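What follows is a set of notes on a single structure, which appears directly below.
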Amino acid sequence: MMKNRSLSFWLFVMPTLVALLLVVFIPAIMGIFYSFTNWDGLTYTTILGFKNYMAIFHDSGFLAALWFTVKFVVVTVILLNVIGLSLALLVTRKFKGNNLLRTIFFMPNLIGGLILGFIWQFIFTQVFDAIGLSGWLTNQTTGFWGLVIVTIWQMSGYIMIIYIAYLQNIPTEVIEAAEIDGASAWQRFWNITFPMIAPAFTVSMFLTLSNGFKLYDPNLSLTNGGPYKSTEMLAMNIVNTAYSENDFAKAEAKALIFFIIVGAISLVQVYYNRKREVDL
Amino acid sequence: MKLGWKKIAVVAMATVATTLLAACSGGSSSGSSNDNGKTTISILQGKVEVNKQLKQIAKEYEKSHPNVKITVSSIGGGTDYNPVLKTRISSGNAPTIFSLAGPADAKQFSAQAADLSNTKIAKAALAGTTSAVKRNGQTLGVPFNIEGYGFVINKTVFQKAGIDPNSIKTYADLQNAVQTLDSKKSELGIKGVFALPGKESWVLSDHLANLYLGQEFNGNAKKMYDSKSMKFTANEEMKQMIDLQKQYSIKPVMQMDYSQQVNQYFSQGKAAMIQQGDWIYPTVEQIDKNFAQNEISMIPIPVKGEEGKLPVGTSLYWAVNKKKSNKEQKAAEDFLAWLYTSDAGKKDVVNKLHFVPAYKGYDNFKMADPLSQVVFDYSQKKQTTGWVFPAYTGTSWDPNTLQPNLQRYLAGKQSWNKTVKNAVDGWKQQQSTK
């Protein structure tokens, strides 16, 4: 009986396992291998060892992209969570039209990043110019804030939904009890609501952090890394290395480093956020 | 006999798994095989704007050559085409005919591209048009067409300002004309003399830089591709030309892209001239057909020692896959030869594909649009200089060194000396590791 069960277990797992193996694990292992060679997308002729990796640390474009991405992630993680939580607090209050507002705040998230980038490119260059704020997206600073604004506009509705889900799970008795005990609105938020939605922070911070590092579409359509490559983020730097410079092996090496950075930071973040979560 | 659910499940799962694996390995049987004695040739090419026309021509060819079947796929844009070609080669579904963009591609795909030197089509190609894709004495590609660029001008504006565009030969002539145009801006109804798209780094890095880098290599891309160093001796002249275009351009320069330059400003008569090539014609025509047909022309960009010469070159080459059967390769070569050398094919090249031919035997043809006509005329008169930029467009020096440095200069963030130094040093570094 046990033997039969394990047979059917493996048979049911097989299709998924095969698919996962074929499209995730084998390509990943091949990619890691290629990063040690001079692969050009078709063949490789020699094994270079760590030469590609050494070259990355002298690649000023990659280091600039890394620094730009880190700055972007710090700013967007803070702003997205602050704005997402504020919107969630706003629409969970009882007033007419709160459902309509939820829909409106969420809507930008339904538009793809590429299209958003083009829409905002028009706004930054034409509309901003018309109201006297000319020169947007023509230097690194405005390019950076342009990307931040687009990301906030797109993602904050999504983050809001996550906070709403957790806010609605807070038992009303706890809040009422605190109210009867004479706690002020701020005290109720800081001492009850805030600790109770700690799991939402874990999820939202993980999402904003990893999305921030991996951002590509708005980067492509809004600035395309320009002017003079000053707004190129990590994902775009990797794509360009592979496809416009035809250096697939170096791009693989960059992608692996990128994966390790994002993985490590996300794990540390989840570990520390988890510690803060409380149970009633 | 007890045929339980488990056994059924086992069979079902096994079927799923087999189908999955079969699906992954399938697809390679198509392509080269010849059914009922027919030879099938597949074309994958990077000039997406002629996709429809090429398919029509393939149909026409199939009619007159019933033993051949042709499938055409087109992928647009320089950066999208190569990954697709690579995928098709690695998946065993490689095309019979594919396109190459220059020396870097010829090197990458030298394991696939057949030597065409002794074919009819290569012999018909104009002198020098295949030099960029020659490797070790083999001709790995034949040109699609020739293209040319310069200042595309608004003839009406020039006429109103009382300037004869053909009299502009030297930089001083150009400067005078620009100043005249600028002083009459309001009565001519233009917003600026030029429209310089600061966002499109290739306008400066590929086309403009070519004029000043090319002299060192006699306009030969292969020569530059193989060269260890580059002096950029004519850099001061290039600076002059960038400064002139920037000063008299519609502003802000750093915000302008290709579509603003061509669609919004030039096609609507807001700029007197733009630095572009004959490829902008279809776009201008879409916006204002009458304007496109009657009011535009092209003049060379004045370069010292090369006055009155138009930079003309080839951006794509046809290659034939040598891994295919001899029969298929022969059919591919026959099709290319038919397209560019037969009477019916020649008409299609000029009137359907709107190509300026890079082949002999087109003396009495009239091009389909005025910009192509200019390119054709200069090429017939041999008043041309070559393109060296295909030597670097597929290398990292272009996007990582030349383009950002030129843009930094254009934005006023960096001195010209630094720009030149970075460009020269960067080239040396890249070439030393190649």
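We label chains A, B, ... in the order they appear in the structure tokens, count residues from 1 in each chain, and number ligands from 1 in the order shown.
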Exercise. Within region 68-316 of chain B, find each residue whose DSSP state, derived from the backbone, is strand (DSSP E or B), and express the selection as a count of residues only.
Key: 47
Quiz item: Do you know which residues are at most 9 Å from region 312-320 of chain B counting only C-alpha atoms, after dropping those on the same chain fewer than 6 positions away, and could you put them as a ChimeraX atom specification?
Solution: /B:45-47,95-102,112-116,129-130,132-133,140-149,329,332-333,336,358,375,378-379,384-388,390
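With only C-alpha atoms as the atoms that count, the minimum distance from chain B to the choices A:Trp153, A:Tyr228, A:Phe194, A:Phe105 is reached by A:Tyr228.
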Self-check item: chain A residues near chain B (6 Å cut-off, only C-alpha atoms) as a PyMOL selection string
Solution: chain A and resi 15+138+228-229+243-245
Practice problem: Return as a PyMOL selection string the full set of residues in region 64-215 of chain A whose backbone-based DSSP assignment is alpha helix (DSSP H). | Solution: chain A and resi 64-91+98-106+113-122+128-130+140-167+172-180+185-188+194-196+198-214
Do a neighbour search on Pro282 (chain B) at 12 Å with only C-alpha atoms, toss out local chain neighbours closer than 6 positions, and write the hits as a short mmCIF file (atom, residue, chain, number, x, y, z; two decimals) with N, CA and C atoms, in the first residue's frame.
data_model
loop_
_atom_site.label_atom_id
_atom_site.label_comp_id
_atom_site.auth_asym_id
_atom_site.auth_seq_id
_atom_site.Cartn_x
_atom_site.Cartn_y
_atom_site.Cartn_z
N GLU B 49 10.09 46.79 -42.26
CA GLU B 49 9.22 47.64 -43.06
C GLU B 49 8.93 47.08 -44.45
N VAL B 50 9.72 46.11 -44.92
CA VAL B 50 9.42 45.55 -46.24
C VAL B 50 8.81 44.15 -46.13
N VAL B 262 11.13 63.96 -36.77
CA VAL B 262 10.62 63.70 -38.12
C VAL B 262 9.13 64.03 -38.24
N ASN B 263 8.31 63.46 -37.35
CA ASN B 263 6.86 63.62 -37.49
C ASN B 263 6.40 65.02 -37.11
N SER B 267 8.12 67.13 -40.74
CA SER B 267 7.00 66.84 -41.65
C SER B 267 5.95 67.94 -41.60
N ASP B 288 2.18 63.77 -44.70
CA ASP B 288 1.78 64.73 -45.71
C ASP B 288 2.34 64.28 -47.05
N LYS B 289 1.51 63.64 -47.85
CA LYS B 289 1.97 63.02 -49.08
C LYS B 289 2.50 64.06 -50.08
N PHE B 291 3.64 67.07 -49.48
CA PHE B 291 4.90 67.62 -48.97
C PHE B 291 6.05 66.66 -49.26
N ALA B 292 5.80 65.37 -48.97
CA ALA B 292 6.86 64.38 -49.14
C ALA B 292 7.28 64.26 -50.60
N GLN B 293 6.30 64.30 -51.50
CA GLN B 293 6.62 64.08 -52.90
C GLN B 293 7.27 65.29 -53.56
N LEU B 353 9.93 47.26 -53.08
CA LEU B 353 10.72 47.35 -51.85
C LEU B 353 11.22 48.78 -51.62
N HIS B 354 11.15 49.61 -52.65
CA HIS B 354 11.66 51.00 -52.58
C HIS B 354 13.13 51.03 -52.21
N ALA B 368 11.68 55.35 -56.52
CA ALA B 368 10.26 55.52 -56.18
C ALA B 368 9.98 56.81 -55.40
N ASP B 369 10.99 57.42 -54.79
CA ASP B 369 10.72 58.65 -54.04
C ASP B 369 11.91 59.60 -54.17
N PRO B 370 11.70 60.89 -53.90
CA PRO B 370 12.76 61.88 -54.15
C PRO B 370 14.02 61.66 -53.32
N LEU B 371 13.91 61.17 -52.09
CA LEU B 371 15.12 60.98 -51.28
C LEU B 371 15.95 59.82 -51.82
N SER B 372 15.27 58.73 -52.19
CA SER B 372 16.00 57.60 -52.79
C SER B 372 16.67 58.05 -54.08
#
Quiz prompt | All residues 12 Å or closer to Lys434 (chain B), only C-alpha atoms, same chain fewer than 3 positions away omitted, as a PyMOL selection string | solution = (chain A and resi 38+247) or (chain B and resi 104+107+225-228+395-397+427-431)
Taking C-alpha atoms for each residue, export the selection above as a PDB file, in the first residue's frame.
ATOM      1  CA  ASN A  38      32.873  33.056 -23.636  1.00  0.00           C
ATOM      2  CA  ASP A 247      28.246  39.656 -24.651  1.00  0.00           C
TER       3      ASP A 247
ATOM      4  CA  ALA B 104      30.277  42.040 -35.985  1.00  0.00           C
ATOM      5  CA  LYS B 107      31.959  37.231 -37.234  1.00  0.00           C
ATOM      6  CA  TYR B 225      36.611  46.876 -37.230  1.00  0.00           C
ATOM      7  CA  ASP B 226      40.067  45.298 -37.451  1.00  0.00           C
ATOM      8  CA  SER B 227      41.988  48.393 -36.400  1.00  0.00           C
ATOM      9  CA  LYS B 228      43.647  48.509 -32.994  1.00  0.00           C
ATOM     10  CA  THR B 395      30.213  46.371 -30.212  1.00  0.00           C
ATOM     11  CA  SER B 396      30.053  47.673 -26.673  1.00  0.00           C
ATOM     12  CA  TRP B 397      32.086  50.792 -27.493  1.00  0.00           C
ATOM     13  CA  TRP B 427      38.231  52.190 -28.685  1.00  0.00           C
ATOM     14  CA  LYS B 428      41.815  51.209 -27.954  1.00  0.00           C
ATOM     15  CA  GLN B 429      40.747  49.272 -24.889  1.00  0.00           C
ATOM     16  CA  GLN B 430      37.960  47.421 -26.641  1.00  0.00           C
ATOM     17  CA  GLN B 431      40.092  46.522 -29.651  1.00  0.00           C
TER      18      GLN B 431
END
